[in-house]
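Here is the structure we will look at.
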Amino acid sequence: EFTVTIKEIRAMVLPSVDDEWAKTFGEEVTGVSFLRDRLREAIQTQKTDLKKRTLMDNVAEELLKTHSFAVPETLIDAEAHALEQVEMRNMAQRGVELSGDEGHAALHKALREPAEKRARLALVLETVADAQKITVEDADFDAEMVRFARQLGTNPAEAGRWAKQQGREEGIRARTCATSSGWASWS
């Protein structure tokens, strides 16, 4: 049994959806129809991107099914480390922190399977790129290093050095080639 004292009652008052309200979203906004058009475009872009990602994920799965081979441990560890860095950064942004070596070991273990898949897919794509004489422009590779550096919380030059030191540059170039050709970043 509870005794409750009501101190205040409030009613939510929503603004009128009109052109004046719409203009509060930025100088380029001309009215409600402008917002509706931009929203429609954004939803269509998301749908298209989702379809493309789904298609590329399915193709990647099929490639992995038909190309079964042992992946060098160093490549798996490098991919797992990269995935772990990204996940730790995402967790930090959400205010979650791993505790001790056990937490890091558990995360590394959980990421081992996706890391092995990514490493194997990179090797397959690298082989296809070599066979088809597909190359990646340095500008595309540099753009990928900028994206990768952002995920790792480092600078692009450091990300590029890491890729070269780990022997991952060609795999990343192959994946970048696939990405710039419409492949999603597959994990």
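Chain labels follow the order of the structure tokens: the first chain is A, the next B, and so on; residue numbering restarts at 1 in every chain, and ligands are counted from 1 in their shown order.
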Inset, instruction - For segment 95-109 of chain A, work out the shell of residues within 9 Å, counting only C-alpha atoms and skipping chain neighbours fewer than 2 positions away, then give it as a PyMOL selection string. - result: chain A and resi 77+80-81+83-84+87-88+90-93+111-113
Inset, instruction - Name all residues at most 10 Å from segment 122-125 of chain A (count only C-alpha atoms; drop same-chain ones fewer than 2 positions away) and give them as a ChimeraX atom specification. - result: /A:60,63-64,67-68,71,75,116-120,127-131,168,170-178,186
Inset, instruction - Might you pull out every residue within 12 Å of Ser33 of chain A, with only C-alpha atoms counted and same-chain residues fewer than 2 positions away left off, and present them as a list in words? - result: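 Within the cut-off, the hits are Val17, Asp18, Asp19, Glu20, Trp21, Ala22, Lys23, Val29, Thr30, Gly31, Leu35, Arg36, Asp37, Arg38, Leu39 and Arg40 of chain A.
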Inset, instruction - Give the alpha helix (DSSP H) residues of segment 54-99 of chain A, as assigned by DSSP on the backbone, as number ranges by chain. - result: A: 54-66, 73-93
Inset, instruction - Name all residues at most 9 Å from segment 153-155 of chain A (count only C-alpha atoms; drop same-chain ones fewer than 4 positions away) and give them as a PyMOL selection string. - result: chain A and resi 85-86+89+145-146+148-149+159-160
Atoms to include: N, CA and C atoms. Write the selected residues as a JSON list (two decimals), in the first residue's frame.
[["chain", "number", "residue", "atom", "x", "y", "z"],
["A", 85, "GLN", "N", 40.31, -3.68, -31.06],
["A", 85, "GLN", "CA", 40.51, -2.25, -30.87],
["A", 85, "GLN", "C", 39.24, -1.47, -31.21],
["A", 86, "VAL", "N", 38.59, -1.86, -32.29],
["A", 86, "VAL", "CA", 37.35, -1.19, -32.68],
["A", 86, "VAL", "C", 36.28, -1.42, -31.62],
["A", 89, "ARG", "N", 36.95, 0.56, -28.47],
["A", 89, "ARG", "CA", 36.63, 1.98, -28.68],
["A", 89, "ARG", "C", 35.11, 2.19, -28.62],
["A", 145, "MET", "N", 42.63, 3.98, -44.95],
["A", 145, "MET", "CA", 43.47, 4.14, -43.76],
["A", 145, "MET", "C", 42.92, 5.24, -42.85],
["A", 146, "VAL", "N", 42.33, 6.27, -43.43],
["A", 146, "VAL", "CA", 41.70, 7.33, -42.62],
["A", 146, "VAL", "C", 40.52, 6.74, -41.85],
["A", 148, "PHE", "N", 40.02, 3.55, -41.12],
["A", 148, "PHE", "CA", 40.54, 2.56, -40.18],
["A", 148, "PHE", "C", 41.17, 3.26, -38.97],
["A", 149, "ALA", "N", 41.91, 4.33, -39.21],
["A", 149, "ALA", "CA", 42.54, 5.08, -38.12],
["A", 149, "ALA", "C", 41.48, 5.66, -37.18],
["A", 159, "ALA", "N", 48.17, 3.94, -38.94],
["A", 159, "ALA", "CA", 47.37, 2.81, -39.44],
["A", 159, "ALA", "C", 48.05, 2.20, -40.67],
["A", 160, "GLY", "N", 48.58, 3.03, -41.55],
["A", 160, "GLY", "CA", 49.29, 2.54, -42.73],
["A", 160, "GLY", "C", 50.55, 1.77, -42.36]]
Legend entry - atom CA of Leu121 of chain A to atom CA of Thr45 of chain A, distance in Å rounded to a single decimal: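 Those two atoms sit 26.5 Å apart.
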